[in-house]
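*Asks:* What follows is a structure written as structure tokens; I'll ask about it next.
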Amino acid sequence: MLNPLSILLLLPILQAVGDDRRNDYDVDLYRLDLKVEPQEKRISGRVGVEFVVTSESMSSLVIDIGPALKAEKAWLLDEALEKGWKGKDLKWKQEAGSLDIQLGRKAKKGERLSVAIQYSGSPRGGRFSGFHWAKTPSGKPWINTSCQGPGAQSWWPCKASFFHPEDKPDRGMLIEYTVPKGLTAVANGRLLGSKASDDGKWTTWSWRHEYPLCTYAVTLNVAPYVHKKIPLKIKGTGVDSFEYWVLPENVEKADLQFEDVPGMLAIYAKAFGPFPFPKSKFALVETNFWGMEHSTAVAYGSSYPKWLKKHGKRDPHGSRNRFYDYILIHESAHEWWGNGVSAKTWGDFWIHEGFGTYAEAVYLEGTRGRKEASRWFRTIRGMAMGPNARLFRGENVNSGQAYAGVIYYKGAWVLNTLRTYVDDDKVWWKTIRDFNMAFRYKNANTADFQAILEKNSGKKWKRFFDQWIYQKGVPKLTGTIQATKKALVIDIENNTRAGRVYHVPLDLTWIEGGKEKKLRLWLEPGQTKKSIPTQKMPKDIQLPTLNHILCGRRIKIS
């Protein structure tokens, strides 16, 4: 999702955890058929939910539904969801935020059922979040969704990942969008085809996404799009082409900007594993808001900075596009982090946004080297230094409660810090890739990442994760390093105020008798006083990795 400095999320009313009957079932497949009426700003259609009962017995299906939507009918399907919509009517009741559908009997654990819901509504959105009814510069309808903030239930009834990120539909989504003639409807997955209505006034676009995904990553995009499919000649990415849908006015801009896509995909594939969704597509879709990580249809509403630079025009997002096209690089990274691997609970939201932000540094390192990536880290350092900032967002929290800037900035910085602690890039990159591949299409937590690192490094990392993920703040180092005739004298305070306890590696290099010397010294919590004997007076004392560790520091070298 977008950087929190750039957007204002519209958070919904929070639901209590309590006795949650949404835990009674596990979703296997969703089917979403919608008619989109731009003039009326209205959607109508049906949602099918195929699920497996996980409790000992279950007599009703509880589904999330937003206040802008009205349920009209519910029924139990006679056959598998892919085969049709026939079935028996069920009793139901819509209450604040939920739809309670009576199954008419007690279903037993392990049973597979399919329920359909007919509904309609006029969902709305703000500047960033929600359902967007807009028009293109030429006055044509331009409709997009962006619902991680308010939750997917704001525009389609579902077991929303806003509350239950762990329940991604195992077999993905079937999607059909019917829109006025002359408009294209782009969704997740691969295009199965399009069909005109008998009266020629409407076109139905059918899509199939065969992979698990968070419900907030489901998308609807409607406009008079121009579609391009570009062959990809770089091997190892996991795809042989990429696609984009853009407004007719911006084709030239997109052609130039998206020249960066092949290199980006190659870097991410090398670091994290091949593109996770090859049976669907890697695609960018121009939107009327800034951007969002919709799976296989990444929302791109940025300024086309390469085109602006080429033509000497001001970039309204210039500060964010200083190093690269922020939306392109960050939102595409979510195909691996957030879409490919999702958090088990929102306490570990940083697995989406911290890894997604770290991927920006991975891209920079892959295109311009580690030095440039380090320069980028310095630009976000201040936003990761909050004294009460903690990466783990707590137990039993929903997406709105867990969301904060810390999961982006401190998340990325903690990964950069951990790489320094590991001090072995072969182990580091193997761990990052192994983590993504091991939990691809699944849900993971911090402990899962820790376990893979411990396996690959042969070392225990509990102390690091306890301190850097679950503890607030960052270490603050003050003191001196002094060269004498035959010693390096270290006197550094590792601040433990507010109960913070960090162990920090201090890598030192110096020249002694014309030869370079190296030493890793661990700074314990509190005061570290140490004299390191030398044969001759040390010269050119450096701290080469301290700028790769998230900490406050005032260390004088003399």
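Convention: chains lettered A, B, ... in structure tokens order; per-chain residue numbering from 1; ligands numbered from 1 as shown.
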Can you tell me, as an NGL selection string, what residues are no more than 12 Å from segment 539-541 of chain A when counting only C-alpha atoms, ignoring any on the same chain fewer than 6 positions away?
*Replies:* :A and (480-490 or 507-519 or 555-558)
*Asks:* Could you take the residues named above and write them with C-alpha atoms, as a compact mmCIF listing (two decimals), in the first residue's frame?
*Replies:*
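Dumped to part-v1.txt:
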```
# COMPACT_ATOMS: atom_id res chain seq x y z
CA THR A 480 34.39 8.30 22.10
CA ILE A 481 36.94 6.17 20.28
CA GLN A 482 40.46 7.33 20.96
CA ALA A 483 43.75 6.25 19.39
CA THR A 484 46.76 6.05 21.71
CA LYS A 485 50.29 4.89 20.96
CA LYS A 486 49.47 1.23 21.57
CA ALA A 487 45.69 0.96 21.96
CA LEU A 488 42.24 1.82 20.74
CA VAL A 489 40.25 3.08 23.71
CA ILE A 490 36.47 2.62 23.45
CA ASP A 507 32.61 -2.77 13.28
CA LEU A 508 35.95 -0.98 13.40
CA THR A 509 38.69 -0.68 10.80
CA TRP A 510 42.00 1.12 11.16
CA ILE A 511 45.49 1.27 9.69
CA GLU A 512 48.25 -0.10 11.85
CA GLY A 513 51.82 -0.18 10.57
CA GLY A 514 50.60 0.23 7.02
CA LYS A 515 48.16 -2.70 7.24
CA GLU A 516 44.36 -2.62 7.60
CA LYS A 517 42.92 -4.13 10.76
CA LYS A 518 39.30 -5.13 11.37
CA LEU A 519 37.32 -5.89 14.53
CA ILE A 555 30.57 9.02 18.56
CA LYS A 556 33.68 11.16 18.43
CA ILE A 557 36.81 9.61 16.92
CA SER A 558 40.18 11.09 17.81
```
*Asks:* What separation in Å, quoted to one decimal, exists between atom CA of Thr296 of chain A and atom CA of Pro150 of chain A?
*Replies:*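 Spanning atom CA of Thr296 of chain A to atom CA of Pro150 of chain A is a straight-line distance of 20.9 Å.
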*Asks:* List as a PyMOL selection string the protein and nucleic acid residues near Thr203 of chain A, meaning an atom at most 7 Å away when only C-alpha atoms are counted, but skip any in the same chain fewer than 5 places from it.
*Replies:* chain A and resi 178-181+194-197
*Asks:* As an NGL selection string, please: the residues near segment 169-172 of chain A (cut-off 12 Å, only C-alpha atoms, same-chain neighbours under 4 positions excluded).
*Replies:* :A and (25-32 or 48-52 or 81-82 or 158-161 or 164-165 or 188-190 or 207-215 or 217-218 or 277 or 279-280 or 295 or 339 or 441-443)
*Asks:* Identify, on the basis of only C-alpha atoms, every residue whose closest approach to Gly236 of chain A does not exceed 10 Å; exclude the query and any residue fewer than 6 positions from it along the same chain; express the result as a ChimeraX atom specification.
*Replies:* /A:265-267,269-270,273-275
*Asks:* Could those residues be written to a file, using N, CA and C atoms, as a CSV table (one decimal), in the first residue's frame?
*Replies:*
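Saved the output as result.csv:
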```csv
chain,number,residue,atom,x,y,z
A,265,LEU,N,11.6,-6.3,-12.7
A,265,LEU,CA,11.2,-7.7,-12.5
A,265,LEU,C,12.4,-8.6,-12.4
A,266,ALA,N,13.4,-8.3,-13.2
A,266,ALA,CA,14.6,-9.2,-13.1
A,266,ALA,C,15.3,-9.1,-11.7
A,267,ILE,N,15.3,-7.8,-11.2
A,267,ILE,CA,16.0,-7.6,-9.8
A,267,ILE,C,15.1,-8.3,-8.7
A,269,ALA,N,13.0,-10.8,-9.1
A,269,ALA,CA,13.0,-12.2,-9.3
A,269,ALA,C,14.3,-12.8,-8.7
A,270,LYS,N,15.4,-12.1,-8.9
A,270,LYS,CA,16.7,-12.6,-8.4
A,270,LYS,C,16.7,-12.6,-6.9
A,273,GLY,N,12.7,-14.5,-5.7
A,273,GLY,CA,12.1,-15.6,-6.5
A,273,GLY,C,11.3,-15.2,-7.7
A,274,PRO,N,11.0,-16.1,-8.6
A,274,PRO,CA,10.3,-15.7,-9.8
A,274,PRO,C,8.9,-15.1,-9.5
A,275,PHE,N,8.4,-14.3,-10.4
A,275,PHE,CA,7.1,-13.6,-10.2
A,275,PHE,C,6.1,-14.7,-9.7
```
*Asks:* If we count only C-alpha atoms and set the cut-off at 10 Å, which residues sit around segment 367-374 of chain A, ignoring sequence neighbours fewer than 3 positions away in its own chain? Please answer as JSON, numbers by chain.
*Replies:* {"A": [263, 264, 267, 323, 358, 360, 361, 362, 363, 364, 377, 378, 379, 416, 547, 548]}
*Asks:* Have a look at atom CA of Leu192 of chain A and atom CA of Glu286 of chain A and let me know their distance in Å, one decimal.
*Replies:*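 Value for the atom CA of Leu192 of chain A-atom CA of Glu286 of chain A distance: 20.8 Å.
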*Asks:* Counting only C-alpha atoms, what is within 6 Å of segment 386-396 of chain A, bar same-chain residues fewer than 2 positions away, as a list of chain:residue names?
*Replies:* A:Gly347, A:Asp348, A:Ala384, A:Ala402, A:Ile407, A:Ile469, A:Tyr470, A:Gln471, A:Lys472, A:Gly473
*Asks:* Just write the chosen residues, C-alpha atoms, as a PDB file, in the first residue's frame.
*Replies:*
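Output contents, as saved in selection21.pdb:
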```
ATOM      1  CA  GLY A 347       0.351  -7.752  14.218  1.00  0.00           C
ATOM      2  CA  ASP A 348       2.927  -8.675  11.559  1.00  0.00           C
ATOM      3  CA  ALA A 384      12.065   5.253  11.490  1.00  0.00           C
ATOM      4  CA  ALA A 402      -2.309  -2.056  12.972  1.00  0.00           C
ATOM      5  CA  ILE A 407       5.735  -0.654   9.401  1.00  0.00           C
ATOM      6  CA  ILE A 469      10.568  -6.305  16.323  1.00  0.00           C
ATOM      7  CA  TYR A 470       8.823  -6.394  19.689  1.00  0.00           C
ATOM      8  CA  GLN A 471      10.599  -3.569  21.549  1.00  0.00           C
ATOM      9  CA  LYS A 472       9.958   0.121  21.095  1.00  0.00           C
ATOM     10  CA  GLY A 473      12.419   2.721  19.893  1.00  0.00           C
TER      11      GLY A 473
END
```
*Asks:* Rank A:Ser98, A:Ser60, A:Thr136, A:Thr145 by their smallest atom-to-atom distance to Val246 of chain A, using only C-alpha atoms, and report the top residue only.
*Replies:*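 Among the listed residues, A:Thr136 lies closest to Val246 of chain A.
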*Asks:* What are the closest atom pairs, with distances in Å to one decimal, for each residue of segment 294-337 of chain A lying within 9 Å of segment 249-255 of chain A, using only C-alpha atoms, rows by chain and rising residue number, as JSON lines?
*Replies:*
```
{"residue": "A:Tyr304", "atom": "CA", "partner": "A:Lys253", "partner_atom": "CA", "distance": 6.1}
{"residue": "A:Pro305", "atom": "CA", "partner": "A:Lys253", "partner_atom": "CA", "distance": 8.8}
{"residue": "A:Lys306", "atom": "CA", "partner": "A:Lys253", "partner_atom": "CA", "distance": 8.0}
{"residue": "A:Trp307", "atom": "CA", "partner": "A:Lys253", "partner_atom": "CA", "distance": 5.6}
{"residue": "A:Leu308", "atom": "CA", "partner": "A:Lys253", "partner_atom": "CA", "distance": 8.5}
```
*Asks:* Identify, with DSSP run on backbone atoms, the residues in segment 8-99 of chain A assigned to strand (DSSP E), and express the list as a PyMOL selection string.
*Replies:* chain A and resi 25-37+42-53+57-64+69-77+87-89+92-95+98-99
*Asks:* Using only C-alpha atoms, which of A:Asp33, A:Asp19, A:Glu524, A:Lys229 sits nearest Ser206 of chain A?
*Replies:* A:Asp33
*Asks:* Find the residue from A:Val298, A:Arg127, A:Ala80, A:Leu256 that sits nearest to Glu243 of chain A; use only C-alpha atoms when measuring.
*Replies:*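 When distances to Glu243 of chain A are compared using only C-alpha atoms, the smallest one comes from A:Val298.
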*Asks:* Between atom CA of Met383 of chain A and atom CA of Leu418 of chain A, measure the distance and give it in Å to one decimal.
*Replies:* 18.2 Å
*Asks:* Which one is closest to Tyr324 of chain A: A:Ala68, A:Val427, A:Val261, A:Leu521? Count only C-alpha atoms.
*Replies:*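 The closest residue to Tyr324 of chain A is A:Val261.
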*Asks:* Considering only C-alpha atoms, state which residue in the set A:Gln401, A:Gln102, A:Thr184, A:Ser114 is at the smallest distance from Lys140 of chain A.
*Replies:*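 Smallest separation from Lys140 of chain A among the options: A:Thr184.
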*Asks:* Considering only C-alpha atoms, state which residue in the set A:Leu174, A:Ile63, A:Ile143, A:Met58 is at the smallest distance from Arg42 of chain A.
*Replies:*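 The shortest atom-to-atom distance to Arg42 of chain A comes from A:Ile143.
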